[in-house]
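The data block below is model-v6.tsv; it holds TSV, C-alpha atoms.
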chain	number	residue	atom	x	y	z
A	1	MET	CA	107.17	112.53	68.43
A	2	SER	CA	109.39	111.58	65.53
A	3	PRO	CA	112.68	109.90	66.49
A	4	PHE	CA	114.42	111.33	63.42
A	5	THR	CA	116.99	114.04	64.11
A	6	GLY	CA	118.92	116.58	62.09
A	7	SER	CA	122.53	117.64	62.40
A	8	ALA	CA	122.36	119.10	65.90
A	9	ALA	CA	124.28	117.17	68.53
A	10	ARG	CA	122.75	115.95	71.78
A	11	THR	CA	122.74	118.67	74.44
A	12	GLU	CA	125.23	117.66	77.12
A	13	ARG	CA	124.52	120.42	79.65
A	14	TRP	CA	121.34	122.27	80.49
A	15	ARG	CA	121.95	125.65	82.10
A	16	HIS	CA	118.66	125.96	83.96
A	17	LEU	CA	117.95	122.34	84.92
A	18	ARG	CA	119.68	119.37	86.50
A	19	VAL	CA	119.19	116.22	84.45
A	20	ASP	CA	119.95	112.65	85.45
A	21	LEU	CA	119.23	109.55	83.37
A	22	THR	CA	119.52	106.20	85.13
A	23	ASP	CA	118.09	102.89	83.93
A	24	GLY	CA	115.53	104.53	81.68
A	25	VAL	CA	114.30	107.02	84.30
A	26	ALA	CA	115.09	110.68	83.71
A	27	THR	CA	114.99	113.00	86.72
A	28	VAL	CA	114.68	116.67	85.79
A	29	THR	CA	115.15	119.03	88.72
A	30	LEU	CA	114.37	122.75	88.74
A	31	GLU	CA	117.45	124.27	90.34
A	32	ARG	CA	116.83	127.76	91.76
A	33	PRO	CA	116.10	126.91	95.40
A	34	GLU	CA	116.88	130.45	96.59
A	35	LYS	CA	113.94	131.65	94.42
A	36	LEU	CA	111.67	128.66	95.11
A	37	ASN	CA	112.59	127.48	91.61
A	38	ALA	CA	110.93	130.44	89.93
A	39	LEU	CA	111.02	130.03	86.16
A	40	THR	CA	112.97	132.30	83.83
A	41	PHE	CA	112.79	132.63	80.06
A	42	GLY	CA	115.73	130.25	79.83
A	43	ALA	CA	114.13	127.68	82.15
A	44	TYR	CA	110.98	127.57	80.03
A	45	ALA	CA	113.04	127.17	76.87
A	46	ASP	CA	115.22	124.45	78.43
A	47	LEU	CA	112.16	122.46	79.54
A	48	ARG	CA	110.64	122.74	76.07
A	49	ASP	CA	113.83	121.65	74.32
A	50	LEU	CA	114.87	118.98	76.82
A	51	LEU	CA	111.61	117.05	76.71
A	52	ALA	CA	111.55	117.23	72.91
A	53	GLU	CA	115.12	115.91	72.80
A	54	LEU	CA	114.42	113.09	75.25
A	55	SER	CA	111.32	112.16	73.24
A	56	ARG	CA	113.38	111.74	70.08
A	57	GLU	CA	116.13	109.72	71.75
A	58	ARG	CA	113.74	107.03	73.00
A	59	ALA	CA	116.11	106.21	75.88
A	60	VAL	CA	113.66	107.45	78.52
A	61	ARG	CA	110.84	105.22	79.74
A	62	ALA	CA	109.63	107.51	82.54
A	63	LEU	CA	110.47	111.01	83.79
A	64	VAL	CA	110.36	112.62	87.24
A	65	LEU	CA	109.97	116.41	87.41
A	66	ALA	CA	111.10	117.77	90.78
A	67	GLY	CA	112.13	120.99	92.49
A	68	GLU	CA	115.24	121.63	94.60
A	69	GLY	CA	114.94	123.05	98.10
A	70	ARG	CA	111.80	124.15	99.97
A	71	GLY	CA	109.26	123.90	97.16
A	72	PHE	CA	108.42	122.56	93.73
A	73	CYS	CA	108.06	125.79	91.72
A	74	SER	CA	106.72	129.23	92.62
A	75	GLY	CA	105.87	130.11	89.00
A	76	GLY	CA	107.36	132.75	86.73
A	77	ASP	CA	110.04	134.95	88.26
A	78	VAL	CA	108.43	138.29	89.18
A	79	ASP	CA	111.49	140.38	88.28
A	80	GLU	CA	112.95	138.43	85.38
A	81	ILE	CA	109.68	137.66	83.61
A	82	ILE	CA	106.81	139.84	84.83
A	83	GLY	CA	109.04	142.89	84.99
A	84	ALA	CA	110.49	142.20	81.55
A	85	THR	CA	107.11	141.60	79.89
A	86	LEU	CA	105.97	145.13	80.78
A	87	SER	CA	108.36	146.50	78.17
A	88	MET	CA	107.56	143.94	75.43
A	89	ASP	CA	105.40	144.64	72.41
A	90	THR	CA	102.47	142.44	71.44
A	91	ALA	CA	104.48	140.23	69.08
A	92	GLN	CA	107.09	139.53	71.75
A	93	LEU	CA	104.41	138.81	74.33
A	94	LEU	CA	102.73	136.37	71.97
A	95	ASP	CA	106.05	134.60	71.36
A	96	PHE	CA	106.60	134.27	75.10
A	97	ASN	CA	103.12	132.97	75.85
A	98	ARG	CA	103.32	130.51	72.98
A	99	MET	CA	106.61	129.21	74.40
A	100	THR	CA	105.08	128.55	77.82
A	101	GLY	CA	102.25	126.69	76.12
A	102	GLN	CA	104.76	124.64	74.16
A	103	VAL	CA	106.23	123.43	77.47
A	104	VAL	CA	102.83	122.08	78.52
A	105	ARG	CA	102.28	120.51	75.12
A	106	VAL	CA	105.58	118.67	75.17
A	107	VAL	CA	104.84	117.34	78.68
A	108	ARG	CA	101.49	116.02	77.41
A	109	GLU	CA	102.81	114.76	74.07
A	110	CYS	CA	106.11	113.13	75.08
A	111	PRO	CA	105.88	109.32	74.68
A	112	PHE	CA	106.75	108.47	78.29
A	113	PRO	CA	104.88	109.00	81.57
A	114	VAL	CA	105.80	112.16	83.50
A	115	VAL	CA	105.60	112.07	87.31
A	116	ALA	CA	105.65	115.42	89.15
A	117	ALA	CA	107.15	115.22	92.66
A	118	ILE	CA	105.61	118.05	94.66
A	119	HIS	CA	106.51	119.41	98.05
A	120	GLY	CA	105.89	122.94	99.28
A	121	VAL	CA	104.59	125.46	96.80
A	122	ALA	CA	103.43	124.74	93.25
A	123	ALA	CA	102.12	128.11	92.15
A	124	GLY	CA	101.28	129.81	88.87
A	125	ALA	CA	103.23	128.18	86.07
A	126	GLY	CA	104.54	125.66	88.62
A	127	ALA	CA	100.98	124.51	89.32
A	128	VAL	CA	100.32	124.13	85.59
A	129	LEU	CA	103.53	122.13	85.11
A	130	ALA	CA	102.36	119.75	87.82
A	131	LEU	CA	98.89	119.65	86.26
A	132	ALA	CA	100.32	118.70	82.87
A	133	ALA	CA	102.14	115.68	84.31
A	134	ASP	CA	100.54	112.24	84.08
A	135	PHE	CA	100.94	111.65	87.82
A	136	ARG	CA	101.24	114.11	90.71
A	137	VAL	CA	102.93	112.64	93.79
A	138	ALA	CA	102.82	115.11	96.67
A	139	ASP	CA	103.63	115.20	100.36
A	140	PRO	CA	101.48	116.91	103.03
A	141	THR	CA	103.37	120.22	102.66
A	142	ALA	CA	102.25	120.61	99.04
A	143	ARG	CA	100.00	123.50	98.12
A	144	PHE	CA	98.77	124.43	94.67
A	145	ALA	CA	97.79	127.94	93.61
A	146	PHE	CA	96.76	129.05	90.13
A	147	LEU	CA	97.62	132.71	90.65
A	148	PHE	CA	97.12	134.22	87.20
A	149	THR	CA	94.06	136.33	88.04
A	150	ARG	CA	95.95	137.64	91.10
A	151	VAL	CA	98.32	139.45	88.71
A	152	GLY	CA	95.51	140.69	86.45
A	153	LEU	CA	95.70	137.95	83.82
A	154	SER	CA	93.37	135.22	82.67
A	155	GLY	CA	93.24	132.07	84.76
A	156	GLY	CA	93.41	130.13	81.49
A	157	ASP	CA	97.20	130.30	81.18
A	158	MET	CA	99.39	127.60	79.58
A	159	GLY	CA	96.36	125.38	78.96
A	160	ALA	CA	95.13	125.46	82.56
A	161	ALA	CA	91.51	126.13	81.53
A	162	TYR	CA	91.69	123.05	79.28
A	163	LEU	CA	93.45	120.66	81.65
A	164	LEU	CA	92.15	121.52	85.11
A	165	PRO	CA	88.41	120.90	84.47
A	166	ARG	CA	89.32	117.50	83.05
A	167	VAL	CA	91.24	116.61	86.22
A	168	VAL	CA	89.05	118.05	89.00
A	169	GLY	CA	85.78	118.97	87.23
A	170	LEU	CA	84.41	122.31	86.06
A	171	GLY	CA	83.19	123.49	89.46
A	172	HIS	CA	86.50	123.07	91.27
A	173	ALA	CA	88.43	124.37	88.25
A	174	THR	CA	86.31	127.52	88.09
A	175	ARG	CA	86.97	128.24	91.76
A	176	LEU	CA	90.70	127.58	91.55
A	177	LEU	CA	91.30	129.52	88.32
A	178	MET	CA	89.02	132.45	89.15
A	179	LEU	CA	90.02	133.07	92.76
A	180	GLY	CA	93.59	131.79	92.80
A	181	ASP	CA	93.18	130.52	96.36
A	182	PRO	CA	95.77	127.97	97.54
A	183	VAL	CA	94.76	124.31	97.72
A	184	ARG	CA	96.62	122.31	100.33
A	185	ALA	CA	97.42	118.64	100.06
A	186	PRO	CA	94.35	117.17	101.84
A	187	GLU	CA	91.90	119.07	99.64
A	188	ALA	CA	94.02	118.49	96.54
A	189	GLU	CA	93.83	114.75	97.19
A	190	ARG	CA	90.07	114.93	97.83
A	191	ILE	CA	89.29	116.67	94.53
A	192	GLY	CA	91.64	114.47	92.49
A	193	LEU	CA	94.45	116.95	91.87
A	194	ILE	CA	96.94	114.62	93.60
A	195	SER	CA	97.53	111.11	92.27
A	196	GLU	CA	99.38	109.87	95.35
A	197	LEU	CA	99.94	111.41	98.79
A	198	ALA	CA	103.37	110.53	100.17
A	199	GLU	CA	104.74	110.91	103.67
A	200	GLU	CA	106.23	114.29	104.49
A	201	GLY	CA	109.64	114.71	102.90
A	202	ARG	CA	109.16	111.57	100.78
A	203	ALA	CA	107.52	112.95	97.63
A	204	ASP	CA	110.69	112.72	95.51
A	205	GLU	CA	111.34	109.17	96.70
A	206	ALA	CA	107.74	108.09	96.05
A	207	ALA	CA	107.80	109.72	92.61
A	208	ARG	CA	111.02	107.92	91.70
A	209	SER	CA	109.54	104.63	92.90
A	210	LEU	CA	106.52	105.13	90.66
A	211	ALA	CA	108.76	106.14	87.75
A	212	ARG	CA	110.86	102.99	88.18
A	213	ARG	CA	107.70	100.88	88.16
A	214	LEU	CA	106.58	102.59	84.97
A	215	SER	CA	110.03	102.22	83.37
A	216	GLU	CA	109.92	98.46	83.94
A	217	GLY	CA	106.50	98.10	82.29
A	218	PRO	CA	105.32	97.92	78.68
A	219	ALA	CA	106.58	101.28	77.42
A	220	LEU	CA	104.77	101.20	74.08
A	221	ALA	CA	101.46	100.39	75.75
A	222	TYR	CA	101.98	103.28	78.18
A	223	ALA	CA	102.89	105.65	75.35
A	224	GLN	CA	99.78	104.77	73.37
A	225	THR	CA	97.56	105.01	76.45
A	226	LYS	CA	98.91	108.49	77.17
A	227	ALA	CA	98.38	109.54	73.55
A	228	LEU	CA	94.79	108.26	73.58
A	229	LEU	CA	93.98	109.97	76.89
A	230	THR	CA	95.00	113.29	75.37
A	231	ALA	CA	93.56	112.77	71.89
A	232	GLU	CA	90.17	111.49	73.01
A	233	LEU	CA	89.38	114.33	75.43
A	234	ASP	CA	87.43	116.13	72.72
A	235	MET	CA	86.37	113.24	70.48
A	236	PRO	CA	82.87	111.88	70.05
A	237	LEU	CA	82.48	108.28	71.18
A	238	ALA	CA	82.37	106.86	67.66
A	239	ALA	CA	85.72	108.44	66.77
A	240	ALA	CA	87.25	107.38	70.10
A	241	VAL	CA	86.32	103.72	69.80
A	242	GLU	CA	87.59	103.66	66.20
A	243	LEU	CA	90.91	105.14	67.32
A	244	ASP	CA	91.03	102.57	70.14
A	245	ALA	CA	90.43	99.77	67.67
A	246	SER	CA	93.18	100.94	65.32
A	247	THR	CA	95.64	101.35	68.19
A	248	GLN	CA	94.91	97.92	69.64
A	249	ALA	CA	95.23	96.26	66.24
A	250	LEU	CA	98.70	97.76	65.83
A	251	LEU	CA	99.80	96.85	69.37
A	252	MET	CA	98.63	93.27	68.81
A	253	THR	CA	101.35	92.95	66.15
A	254	GLY	CA	104.03	94.04	68.64
A	255	GLU	CA	106.63	92.03	70.52
A	256	ASP	CA	105.24	92.91	73.97
A	257	TYR	CA	101.84	91.40	73.20
A	258	ALA	CA	103.44	88.15	72.07
A	259	GLU	CA	105.80	88.26	75.07
A	260	PHE	CA	102.87	88.45	77.47
A	261	HIS	CA	101.38	85.27	76.00
A	262	ALA	CA	104.74	83.49	76.11
A	263	ALA	CA	105.32	84.56	79.71
A	264	PHE	CA	101.80	83.59	80.77
A	265	THR	CA	102.20	80.17	79.18
A	266	ALA	CA	105.61	79.65	80.80
A	267	LYS	CA	104.34	80.96	84.17
A	268	ARG	CA	107.04	83.65	84.38
A	269	PRO	CA	107.03	87.47	84.51
A	270	PRO	CA	107.03	89.12	81.07
A	271	LYS	CA	110.19	90.80	79.82
A	272	TRP	CA	108.86	93.99	78.29
A	273	ARG	CA	110.84	95.43	75.38
A	274	GLY	CA	108.72	98.44	74.52
A	275	ARG	CA	108.16	97.16	71.01
Rewrite the structure from the file as structure tokens, please.
Amino acid sequence: MSPFTGSAARTERWRHLRVDLTDGVATVTLERPEKLNALTFGAYADLRDLLAELSRERAVRALVLAGEGRGFCSGGDVDEIIGATLSMDTAQLLDFNRMTGQVVRVVRECPFPVVAAIHGVAAGAGAVLALAADFRVADPTARFAFLFTRVGLSGGDMGAAYLLPRVVGLGHATRLLMLGDPVRAPEAERIGLISELAEEGRADEAARSLARRLSEGPALAYAQTKALLTAELDMPLAAAVELDASTQALLMTGEDYAEFHAAFTAKRPPKWRGR
């Protein structure tokens, strides 16, 4: 994303999220524990705008997405969203669904790794938020459920039909999106939906540990790797290897590449600058 900004000032307070930035690691916590962090219209909009803002600032090198209380996120709030959408016209419904998709896009397109810390339920939109992250760190209480068909809607919501087959394969994705059955941590790990299984109650801690490791690494290399993973999903091989070649040629002119050689020669750890 472009680092250039207009006249708007940096947002100091987010109404629907708790945001902490320490040593290059942003921790974004969904903060409705009494509702299992069910998402509202405002929460979707805040996530969309926050990640876009953090992407422009370039102060974040890794981000942890977590949920307060007993679970990660139970999806869209039944009363505040599903109830409200019943009275919307088609144009309003399209605006809403486009906004939810924009949240997934900004998670995938932001230039830093996103680590989802999952305990308890990750259902509906919450499951897709976790799916969109680069890493999913979960404890044994985690359970994923893509519930969209259970409410009479397509299982392909917020990009789920695009992302899930690429993470777990078409067969598992078909079962999960069609039936909406919950997937508990052991199975989620077996089919590749979980990146790391933490001890019970330690998912947030393990996610922060991974985020710190990422924040101390070569940020530009991570950003380009993330961009290529997304861009090359639908490319033919010839286009993918050409994009790889162009990307590597540019990174070879960067400070981090030269720093690795200097550190290797001096037998010391590299000091990554993200440039």
Hey, which bits of region 82-133 of chain A sit within 12 Å of region 217-230 of chain A, and for each residue what's the closest pair of atoms and how far apart in Å (one decimal), counting only C-alpha atoms, rows by chain and increasing number, as a tab-separated table?
residue	atom	partner	partner_atom	distance
A:Arg105	CA	A:Thr230	CA	10.3
A:Val106	CA	A:Ala227	CA	11.7
A:Val107	CA	A:Lys226	CA	10.8
A:Arg108	CA	A:Thr230	CA	7.3
A:Glu109	CA	A:Ala227	CA	6.9
A:Cys110	CA	A:Ala223	CA	8.1
A:Pro111	CA	A:Ala223	CA	4.8
A:Phe112	CA	A:Ala223	CA	5.6
A:Pro113	CA	A:Tyr222	CA	7.3
A:Val114	CA	A:Lys226	CA	10.1
A:Ala132	CA	A:Thr230	CA	10.7
A:Ala133	CA	A:Lys226	CA	10.6
Self-check item: 12 Å contact set for Glu200 (chain A), only C-alpha atoms, chain neighbours under 2 positions out, as a PyMOL selection string
Solution: chain A and resi 117-120+137-142+185+197-198+202-206
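The closest residue to Arg70 (chain A), picked from A:Gly201, A:Gly155, A:Gly192, A:Gly24 and counting all atoms listed in the file, is A:Gly201.
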(message) Ranking A:Thr29, A:Thr149, A:Thr253, A:Thr40 by minimum distance to Met99 (chain A) and counting all atoms listed in the file, which one comes first?
(response)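 Nearest to Met99 (chain A): A:Thr40.
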Which polymer residues, whether protein, DNA or RNA, lie within 12 Å of the coordinate (101.7, 91.5, 70.4) when you count only C-alpha atoms? List them as a PyMOL selection string, using the chain letters and numbers from the file. chain A and resi 218+220-221+247-262+272-275
Pairwise distance, CA of Arg48 (chain A) with CA of Glu68 (chain A), equals 19.1 Å
Of the residues A:Phe41, A:Phe144, A:Phe72, A:Tyr162, which is the one nearest to Glu189 (chain A), using only C-alpha atoms?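 Closest to Glu189 (chain A) of all the choices is A:Phe144.
Each of A:Leu163, A:Ala266, A:Ala62, A:Met235 was compared to Val28 (chain A) using all atoms listed in the file, and A:Ala62 turns out to be the nearest.
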- Item | Who sits within 8 Å of Val168 (chain A), all atoms listed in the file, same chain under 5 positions skipped, as JSON, numbers by chain | {"A": [173, 191, 192, 193]}
Can region 119-130 of chain A be brought up to all heavy atoms and written out as a PDB file, in the coordinates of the input?
ATOM      1  N   HIS A 119     106.486 119.060  96.642  1.00  0.00           N
ATOM      2  CA  HIS A 119     106.510 119.410  98.050  1.00  0.00           C
ATOM      3  C   HIS A 119     106.494 120.936  98.121  1.00  0.00           C
ATOM      4  O   HIS A 119     106.962 121.612  97.203  1.00  0.00           O
ATOM      5  CB  HIS A 119     107.751 118.856  98.753  1.00  0.00           C
ATOM      6  CG  HIS A 119     109.026 119.495  98.304  1.00  0.00           C
ATOM      7  ND1 HIS A 119     109.599 119.225  97.063  1.00  0.00           N
ATOM      8  CD2 HIS A 119     109.835 120.398  98.900  1.00  0.00           C
ATOM      9  CE1 HIS A 119     110.699 119.928  96.933  1.00  0.00           C
ATOM     10  NE2 HIS A 119     110.873 120.663  98.035  1.00  0.00           N
ATOM     11  N   GLY A 120     105.937 121.485  99.183  1.00  0.00           N
ATOM     12  CA  GLY A 120     105.890 122.940  99.280  1.00  0.00           C
ATOM     13  C   GLY A 120     105.031 123.529  98.173  1.00  0.00           C
ATOM     14  O   GLY A 120     104.052 122.933  97.716  1.00  0.00           O
ATOM     15  N   VAL A 121     105.426 124.695  97.713  1.00  0.00           N
ATOM     16  CA  VAL A 121     104.590 125.460  96.800  1.00  0.00           C
ATOM     17  C   VAL A 121     104.686 124.959  95.360  1.00  0.00           C
ATOM     18  O   VAL A 121     105.760 124.624  94.859  1.00  0.00           O
ATOM     19  CB  VAL A 121     104.958 126.966  96.862  1.00  0.00           C
ATOM     20  CG1 VAL A 121     106.372 127.210  96.349  1.00  0.00           C
ATOM     21  CG2 VAL A 121     103.951 127.801  96.093  1.00  0.00           C
ATOM     22  N   ALA A 122     103.522 124.900  94.708  1.00  0.00           N
ATOM     23  CA  ALA A 122     103.430 124.740  93.250  1.00  0.00           C
ATOM     24  C   ALA A 122     102.444 125.807  92.810  1.00  0.00           C
ATOM     25  O   ALA A 122     101.228 125.623  92.885  1.00  0.00           O
ATOM     26  CB  ALA A 122     102.940 123.343  92.885  1.00  0.00           C
ATOM     27  N   ALA A 123     102.965 126.950  92.392  1.00  0.00           N
ATOM     28  CA  ALA A 123     102.120 128.110  92.150  1.00  0.00           C
ATOM     29  C   ALA A 123     102.274 128.611  90.723  1.00  0.00           C
ATOM     30  O   ALA A 123     103.335 128.452  90.109  1.00  0.00           O
ATOM     31  CB  ALA A 123     102.477 129.239  93.117  1.00  0.00           C
ATOM     32  N   GLY A 124     101.215 129.238  90.204  1.00  0.00           N
ATOM     33  CA  GLY A 124     101.280 129.810  88.870  1.00  0.00           C
ATOM     34  C   GLY A 124     101.694 128.781  87.844  1.00  0.00           C
ATOM     35  O   GLY A 124     101.098 127.699  87.736  1.00  0.00           O
ATOM     36  N   ALA A 125     102.733 129.102  87.088  1.00  0.00           N
ATOM     37  CA  ALA A 125     103.230 128.180  86.070  1.00  0.00           C
ATOM     38  C   ALA A 125     103.683 126.862  86.694  1.00  0.00           C
ATOM     39  O   ALA A 125     103.605 125.803  86.056  1.00  0.00           O
ATOM     40  CB  ALA A 125     104.384 128.817  85.307  1.00  0.00           C
ATOM     41  N   GLY A 126     104.157 126.896  87.945  1.00  0.00           N
ATOM     42  CA  GLY A 126     104.540 125.660  88.620  1.00  0.00           C
ATOM     43  C   GLY A 126     103.353 124.744  88.824  1.00  0.00           C
ATOM     44  O   GLY A 126     103.460 123.518  88.694  1.00  0.00           O
ATOM     45  N   ALA A 127     102.192 125.310  89.161  1.00  0.00           N
ATOM     46  CA  ALA A 127     100.980 124.510  89.320  1.00  0.00           C
ATOM     47  C   ALA A 127     100.553 123.904  87.990  1.00  0.00           C
ATOM     48  O   ALA A 127     100.094 122.755  87.936  1.00  0.00           O
ATOM     49  CB  ALA A 127      99.855 125.366  89.893  1.00  0.00           C
ATOM     50  N   VAL A 128     100.711 124.659  86.898  1.00  0.00           N
ATOM     51  CA  VAL A 128     100.320 124.130  85.590  1.00  0.00           C
ATOM     52  C   VAL A 128     101.293 123.030  85.134  1.00  0.00           C
ATOM     53  O   VAL A 128     100.877 122.034  84.530  1.00  0.00           O
ATOM     54  CB  VAL A 128     100.223 125.243  84.540  1.00  0.00           C
ATOM     55  CG1 VAL A 128      99.712 124.676  83.212  1.00  0.00           C
ATOM     56  CG2 VAL A 128      99.288 126.350  84.999  1.00  0.00           C
ATOM     57  N   LEU A 129     102.586 123.198  85.422  1.00  0.00           N
ATOM     58  CA  LEU A 129     103.530 122.130  85.110  1.00  0.00           C
ATOM     59  C   LEU A 129     103.140 120.829  85.805  1.00  0.00           C
ATOM     60  O   LEU A 129     103.157 119.752  85.204  1.00  0.00           O
ATOM     61  CB  LEU A 129     104.951 122.529  85.527  1.00  0.00           C
ATOM     62  CG  LEU A 129     105.742 123.440  84.612  1.00  0.00           C
ATOM     63  CD1 LEU A 129     107.113 123.731  85.226  1.00  0.00           C
ATOM     64  CD2 LEU A 129     105.915 122.801  83.235  1.00  0.00           C
ATOM     65  N   ALA A 130     102.803 120.935  87.086  1.00  0.00           N
ATOM     66  CA  ALA A 130     102.360 119.750  87.820  1.00  0.00           C
ATOM     67  C   ALA A 130     101.079 119.192  87.216  1.00  0.00           C
ATOM     68  O   ALA A 130     100.923 117.974  87.070  1.00  0.00           O
ATOM     69  CB  ALA A 130     102.159 120.098  89.289  1.00  0.00           C
TER      70      ALA A 130
END
